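Enquirer: Input input-v5.pdb, format and content: PDB, C-alpha atoms, pLDDT in the B column.
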ATOM      1  CA  MET A 149      28.348 -26.143  55.044  1.00 56.00           C
ATOM      2  CA  ALA A 150      27.658 -29.751  55.957  1.00 71.00           C
ATOM      3  CA  ARG A 151      29.703 -31.011  53.009  1.00 67.00           C
ATOM      4  CA  ARG A 152      32.651 -28.848  54.064  1.00 63.00           C
ATOM      5  CA  ASN A 153      32.637 -30.235  57.578  1.00 84.00           C
ATOM      6  CA  LYS A 154      32.157 -33.741  56.222  1.00 90.00           C
ATOM      7  CA  THR A 155      35.221 -33.406  53.977  1.00 92.00           C
ATOM      8  CA  LEU A 156      37.326 -32.060  56.836  1.00 94.00           C
ATOM      9  CA  HIS A 157      36.117 -34.849  59.130  1.00 94.00           C
ATOM     10  CA  LYS A 158      36.885 -37.526  56.512  1.00 94.00           C
ATOM     11  CA  ILE A 159      40.399 -36.167  56.019  1.00 95.00           C
ATOM     12  CA  LEU A 160      41.117 -35.833  59.728  1.00 95.00           C
ATOM     13  CA  SER A 161      39.761 -39.292  60.535  1.00 95.00           C
ATOM     14  CA  GLY A 162      42.250 -40.917  58.177  1.00 94.00           C
ATOM     15  CA  THR A 163      39.952 -43.848  57.449  1.00 93.00           C
ATOM     16  CA  SER A 164      39.133 -43.034  53.818  1.00 92.00           C
ATOM     17  CA  ASP A 165      42.187 -41.362  52.285  1.00 96.00           C
ATOM     18  CA  ALA A 166      41.598 -43.188  48.980  1.00 96.00           C
ATOM     19  CA  ASN A 167      38.019 -41.870  48.738  1.00 96.00           C
ATOM     20  CA  ILE A 168      38.622 -38.113  48.959  1.00 97.00           C
ATOM     21  CA  THR A 169      37.859 -36.320  45.710  1.00 96.00           C
ATOM     22  CA  PHE A 170      40.607 -34.088  44.389  1.00 98.00           C
ATOM     23  CA  THR A 171      38.196 -31.166  44.021  1.00 97.00           C
ATOM     24  CA  ASP A 172      37.032 -31.433  47.645  1.00 96.00           C
ATOM     25  CA  LEU A 173      40.621 -31.509  48.913  1.00 97.00           C
ATOM     26  CA  CYS A 174      41.554 -28.441  46.868  1.00 97.00           C
ATOM     27  CA  LYS A 175      38.450 -26.540  48.021  1.00 96.00           C
ATOM     28  CA  LEU A 176      39.187 -27.386  51.651  1.00 96.00           C
ATOM     29  CA  LEU A 177      42.777 -26.150  51.424  1.00 97.00           C
ATOM     30  CA  TYR A 178      41.597 -22.962  49.709  1.00 96.00           C
ATOM     31  CA  ARG A 179      39.033 -22.349  52.487  1.00 94.00           C
ATOM     32  CA  LEU A 180      41.766 -22.878  55.075  1.00 95.00           C
ATOM     33  CA  GLY A 181      43.655 -19.929  53.578  1.00 96.00           C
ATOM     34  CA  PHE A 182      46.108 -21.621  51.237  1.00 98.00           C
ATOM     35  CA  ASP A 183      47.092 -19.951  47.976  1.00 98.00           C
ATOM     36  CA  GLU A 184      46.914 -22.179  44.912  1.00 98.00           C
ATOM     37  CA  ARG A 185      49.205 -22.107  41.892  1.00 98.00           C
ATOM     38  CA  VAL A 186      48.670 -24.491  38.990  1.00 97.00           C
ATOM     39  CA  ARG A 187      51.446 -25.694  36.684  1.00 96.00           C
ATOM     40  CA  GLY A 188      50.162 -28.365  34.340  1.00 96.00           C
ATOM     41  CA  SER A 189      48.537 -31.042  36.484  1.00 96.00           C
ATOM     42  CA  HIS A 190      50.337 -29.888  39.643  1.00 97.00           C
ATOM     43  CA  HIS A 191      48.296 -27.850  42.115  1.00 98.00           C
ATOM     44  CA  ILE A 192      50.751 -26.204  44.495  1.00 98.00           C
ATOM     45  CA  PHE A 193      49.359 -24.923  47.794  1.00 98.00           C
ATOM     46  CA  THR A 194      51.253 -22.513  50.023  1.00 98.00           C
ATOM     47  CA  LYS A 195      50.292 -20.475  53.045  1.00 98.00           C
ATOM     48  CA  GLU A 196      52.139 -17.800  54.943  1.00 97.00           C
ATOM     49  CA  GLY A 197      53.351 -19.215  58.227  1.00 96.00           C
ATOM     50  CA  VAL A 198      53.268 -22.796  56.950  1.00 97.00           C
ATOM     51  CA  GLU A 199      56.683 -24.247  56.191  1.00 97.00           C
ATOM     52  CA  GLU A 200      55.445 -27.145  54.049  1.00 97.00           C
ATOM     53  CA  ILE A 201      54.397 -26.823  50.423  1.00 98.00           C
ATOM     54  CA  LEU A 202      51.615 -29.158  49.311  1.00 98.00           C
ATOM     55  CA  ASN A 203      52.079 -30.307  45.718  1.00 98.00           C
ATOM     56  CA  LEU A 204      48.943 -32.200  44.690  1.00 98.00           C
ATOM     57  CA  GLN A 205      48.054 -34.091  41.531  1.00 97.00           C
ATOM     58  CA  PRO A 206      44.762 -35.831  40.775  1.00 97.00           C
ATOM     59  CA  ARG A 207      44.472 -39.540  40.068  1.00 96.00           C
ATOM     60  CA  GLY A 208      41.339 -39.489  37.976  1.00 97.00           C
ATOM     61  CA  THR A 209      38.752 -37.682  40.101  1.00 97.00           C
ATOM     62  CA  LYS A 210      40.324 -38.740  43.420  1.00 98.00           C
ATOM     63  CA  ALA A 211      43.215 -37.313  45.397  1.00 97.00           C
ATOM     64  CA  LYS A 212      46.201 -39.569  45.897  1.00 98.00           C
ATOM     65  CA  PRO A 213      46.014 -41.146  49.375  1.00 98.00           C
ATOM     66  CA  TYR A 214      49.550 -40.158  50.376  1.00 98.00           C
ATOM     67  CA  GLN A 215      48.805 -36.543  49.448  1.00 98.00           C
ATOM     68  CA  VAL A 216      45.647 -36.577  51.584  1.00 98.00           C
ATOM     69  CA  LYS A 217      47.858 -37.792  54.448  1.00 98.00           C
ATOM     70  CA  GLN A 218      50.312 -34.945  53.828  1.00 98.00           C
ATOM     71  CA  ALA A 219      47.461 -32.415  53.908  1.00 98.00           C
ATOM     72  CA  ARG A 220      46.092 -33.960  57.128  1.00 97.00           C
ATOM     73  CA  ASN A 221      49.505 -33.745  58.777  1.00 97.00           C
ATOM     74  CA  VAL A 222      49.816 -30.055  57.872  1.00 98.00           C
ATOM     75  CA  ILE A 223      46.263 -29.293  59.085  1.00 97.00           C
ATOM     76  CA  LEU A 224      46.974 -31.006  62.407  1.00 96.00           C
ATOM     77  CA  LYS A 225      50.497 -29.604  62.840  1.00 97.00           C
ATOM     78  CA  TYR A 226      49.332 -26.005  62.405  1.00 96.00           C
ATOM     79  CA  LYS A 227      46.002 -26.563  64.208  1.00 95.00           C
ATOM     80  CA  MET A 228      43.891 -25.398  61.252  1.00 93.00           C
ATOM     81  CA  ALA A 229      40.929 -27.700  61.855  1.00 85.00           C
ATOM     82  CA  GLY A 230      38.976 -24.978  63.667  1.00 78.00           C
ATOM     83  CA  GLU A 231      39.580 -22.286  61.032  1.00 61.00           C
ATOM     84  CA  GLU A 232      36.859 -23.451  58.666  1.00 53.00           C
ATOM     85  CA  ASP A 233      33.894 -21.545  60.086  1.00 48.00           C
ATOM     86  CA  ASP A 234      31.755 -20.624  57.042  1.00 46.00           C
TER      87      ASP A 234
END
Would it be possible to restate this file's structure as C-alpha coordinates?
Expert:
Amino acid sequence: MARRNKTLHKILSGTSDANITFTDLCKLLYRLGFDERVRGSHHIFTKEGVEEILNLQPRGTKAKPYQVKQARNVILKYKMAGEEDD
(Lines of atoms letter the chains of each structure in order from A and count residues from 1; the text may use other names and numbers.)
(Lines give C-alpha, C1' and ligand atoms only; values in the text may rest on other atoms or scores of the structure.)
Protein backbone atom coordinates (compact mmCIF):
# COMPACT_ATOMS: atom_id res chain seq x y z
CA MET A 1 0.00 0.00 0.00
CA ALA A 2 2.81 2.41 0.80
CA ARG A 3 4.41 1.86 -2.61
CA ARG A 4 1.10 2.60 -4.34
CA ASN A 5 0.69 5.89 -2.52
CA LYS A 6 4.34 6.71 -3.12
CA THR A 7 3.95 6.18 -6.88
CA LEU A 8 0.82 8.33 -6.99
CA HIS A 9 2.54 11.04 -4.94
CA LYS A 10 5.61 11.01 -7.21
CA ILE A 11 3.45 11.33 -10.31
CA LEU A 12 1.27 14.09 -8.87
CA SER A 13 4.25 16.06 -7.56
CA GLY A 14 5.73 16.32 -11.05
CA THR A 15 9.29 16.51 -9.75
CA SER A 16 10.51 13.12 -10.97
CA ASP A 17 8.72 12.34 -14.23
CA ALA A 18 11.89 10.77 -15.67
CA ASN A 19 12.20 8.38 -12.71
CA ILE A 20 8.80 6.66 -12.81
CA THR A 21 9.04 3.01 -13.80
CA PHE A 22 6.80 1.94 -16.64
CA THR A 23 5.43 -0.97 -14.60
CA ASP A 24 4.47 1.29 -11.68
CA LEU A 25 2.68 3.72 -14.00
CA CYS A 26 0.72 0.90 -15.66
CA LYS A 27 -0.23 -0.63 -12.29
CA LEU A 28 -1.40 2.75 -11.00
CA LEU A 29 -3.61 3.37 -14.03
CA TYR A 30 -5.05 -0.15 -13.73
CA ARG A 31 -5.85 0.43 -10.03
CA LEU A 32 -7.55 3.71 -10.96
CA GLY A 33 -9.99 1.75 -13.12
CA PHE A 34 -8.45 2.05 -16.57
CA ASP A 35 -8.74 -0.82 -19.04
CA GLU A 36 -5.49 -1.82 -20.73
CA ARG A 37 -5.05 -3.08 -24.28
CA VAL A 38 -1.62 -4.02 -25.59
CA ARG A 39 -0.61 -3.84 -29.25
CA GLY A 40 3.08 -4.54 -29.65
CA SER A 41 4.92 -2.16 -27.34
CA HIS A 42 1.93 0.18 -27.04
CA HIS A 43 -0.10 -0.04 -23.83
CA ILE A 44 -3.39 1.74 -24.47
CA PHE A 45 -5.40 2.80 -21.41
CA THR A 46 -9.04 3.81 -21.60
CA LYS A 47 -11.70 4.42 -19.00
CA GLU A 48 -15.41 5.02 -19.31
CA GLY A 49 -16.13 8.67 -18.65
CA VAL A 50 -12.60 9.75 -19.55
CA GLU A 51 -12.31 11.43 -22.93
CA GLU A 52 -8.53 11.03 -23.28
CA ILE A 53 -6.82 7.83 -24.34
CA LEU A 54 -3.40 7.20 -22.80
CA ASN A 55 -1.04 5.48 -25.23
CA LEU A 56 2.10 4.52 -23.31
CA GLN A 57 5.37 2.97 -24.42
CA PRO A 58 8.32 2.05 -22.21
CA ARG A 59 11.78 3.53 -22.64
CA GLY A 60 13.80 0.71 -21.15
CA THR A 61 12.31 0.14 -17.69
CA LYS A 62 11.15 3.76 -17.29
CA ALA A 63 8.06 5.56 -18.52
CA LYS A 64 8.61 8.42 -20.92
CA PRO A 65 8.44 11.72 -18.99
CA TYR A 66 5.91 13.33 -21.33
CA GLN A 67 3.62 10.32 -20.94
CA VAL A 68 3.84 10.56 -17.14
CA LYS A 69 2.78 14.21 -17.53
CA GLN A 70 -0.17 13.17 -19.70
CA ALA A 71 -1.26 10.62 -17.08
CA ARG A 72 -0.91 13.23 -14.30
CA ASN A 73 -3.05 15.69 -16.24
CA VAL A 74 -5.80 13.08 -16.71
CA ILE A 75 -5.67 12.06 -13.03
CA LEU A 76 -5.99 15.69 -11.95
CA LYS A 77 -8.60 16.66 -14.55
CA TYR A 78 -10.95 13.83 -13.54
CA LYS A 79 -10.08 14.06 -9.82
CA MET A 80 -8.97 10.42 -9.57
CA ALA A 81 -6.28 10.93 -6.94
CA GLY A 82 -8.60 9.88 -4.12
CA GLU A 83 -9.87 6.73 -5.85
CA GLU A 84 -6.89 4.57 -4.95
CA ASP A 85 -8.01 3.29 -1.55
CA ASP A 86 -6.65 -0.29 -1.34
Enquirer: Which residue out of A:Lys217, A:Arg179, A:Arg185, A:Arg207 has the minimum interatomic distance to Asp165 in chain A when all atoms listed in the file are used?
Expert: A:Lys217
Enquirer: Hey, which of A:Tyr226, A:Tyr214, A:Phe182, A:Phe170 ends up closest to Thr155 in chain A? Count all atoms listed in the file.
Expert: A:Phe170
Enquirer: Can you tell me which residues surround Phe193 in chain A at a distance of at most 7 Å, considering all atoms listed in the file, apart from same-chain residues fewer than 3 positions away, and format the answer as a tab-separated table (two decimals) with C-alpha atoms, in the coordinates of the input?
Expert:
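out-v9.tsv, written as the output of this step:
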chain	number	residue	atom	x	y	z
A	182	PHE	CA	46.11	-21.62	51.24
A	183	ASP	CA	47.09	-19.95	47.98
A	184	GLU	CA	46.91	-22.18	44.91
A	185	ARG	CA	49.20	-22.11	41.89
A	201	ILE	CA	54.40	-26.82	50.42
A	202	LEU	CA	51.62	-29.16	49.31
A	203	ASN	CA	52.08	-30.31	45.72
Enquirer: CA of Ile168 in chain A and CA of Ala211 in chain A, how far apart in Å?
Expert: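 These two atoms are separated by 5.9 Å.
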Enquirer: So which one's closest to Gln215 in chain A, A:Ala150, A:Ile192, A:Arg187, A:His157? Using only C-alpha atoms, please.
Expert: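 When distances to Gln215 in chain A are compared using only C-alpha atoms, the smallest one comes from A:Ile192.
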Enquirer: Which distance in Å separates CA of Leu160 in chain A and CA of Pro213 in chain A, to one decimal?
Expert: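 Rounded to one decimal, the two atoms are 12.6 Å apart.
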Enquirer: On this structure, the PyMOL selection byres ((chain A and resi 169) around 12) would catch which residues? List them as a PyMOL selection string, sorted by chain and number.
Expert: chain A and resi 155-156+158-159+164-168+170-176+204-213+215-216
Enquirer: Any idea what's packed within 8 Å of Gly181 in chain A, counting only C-alpha atoms, ignoring anything in its chain fewer than 3 positions away? Could you give it as a list in words?
Expert: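 With the cut-off at 8 Å, the set is Leu177, Tyr178 and Lys195 of chain A.
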Enquirer: Expressed in Å to a single decimal, how great is the separation between CA of Glu200 in chain A and CA of Asn221 in chain A?
Expert: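 Pair CA of Glu200 in chain A / CA of Asn221 in chain A returns 10.1 Å.
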Enquirer: Select, from A:Ala219, A:Ala229, A:Val186, A:Leu224, the residue with the minimum atom-to-atom distance to Asn153 in chain A, counting all atoms listed in the file.
Expert: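 Answer, going by the shortest atom-to-atom distance: A:Ala229.
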Enquirer: Using all atoms listed in the file for the distances, tell me which of A:Val222, A:Thr163, A:Lys154, A:Gly230 is nearest to Glu199 in chain A.
Expert: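 Looking at the shortest contact to Glu199 in chain A, the residue is A:Val222.
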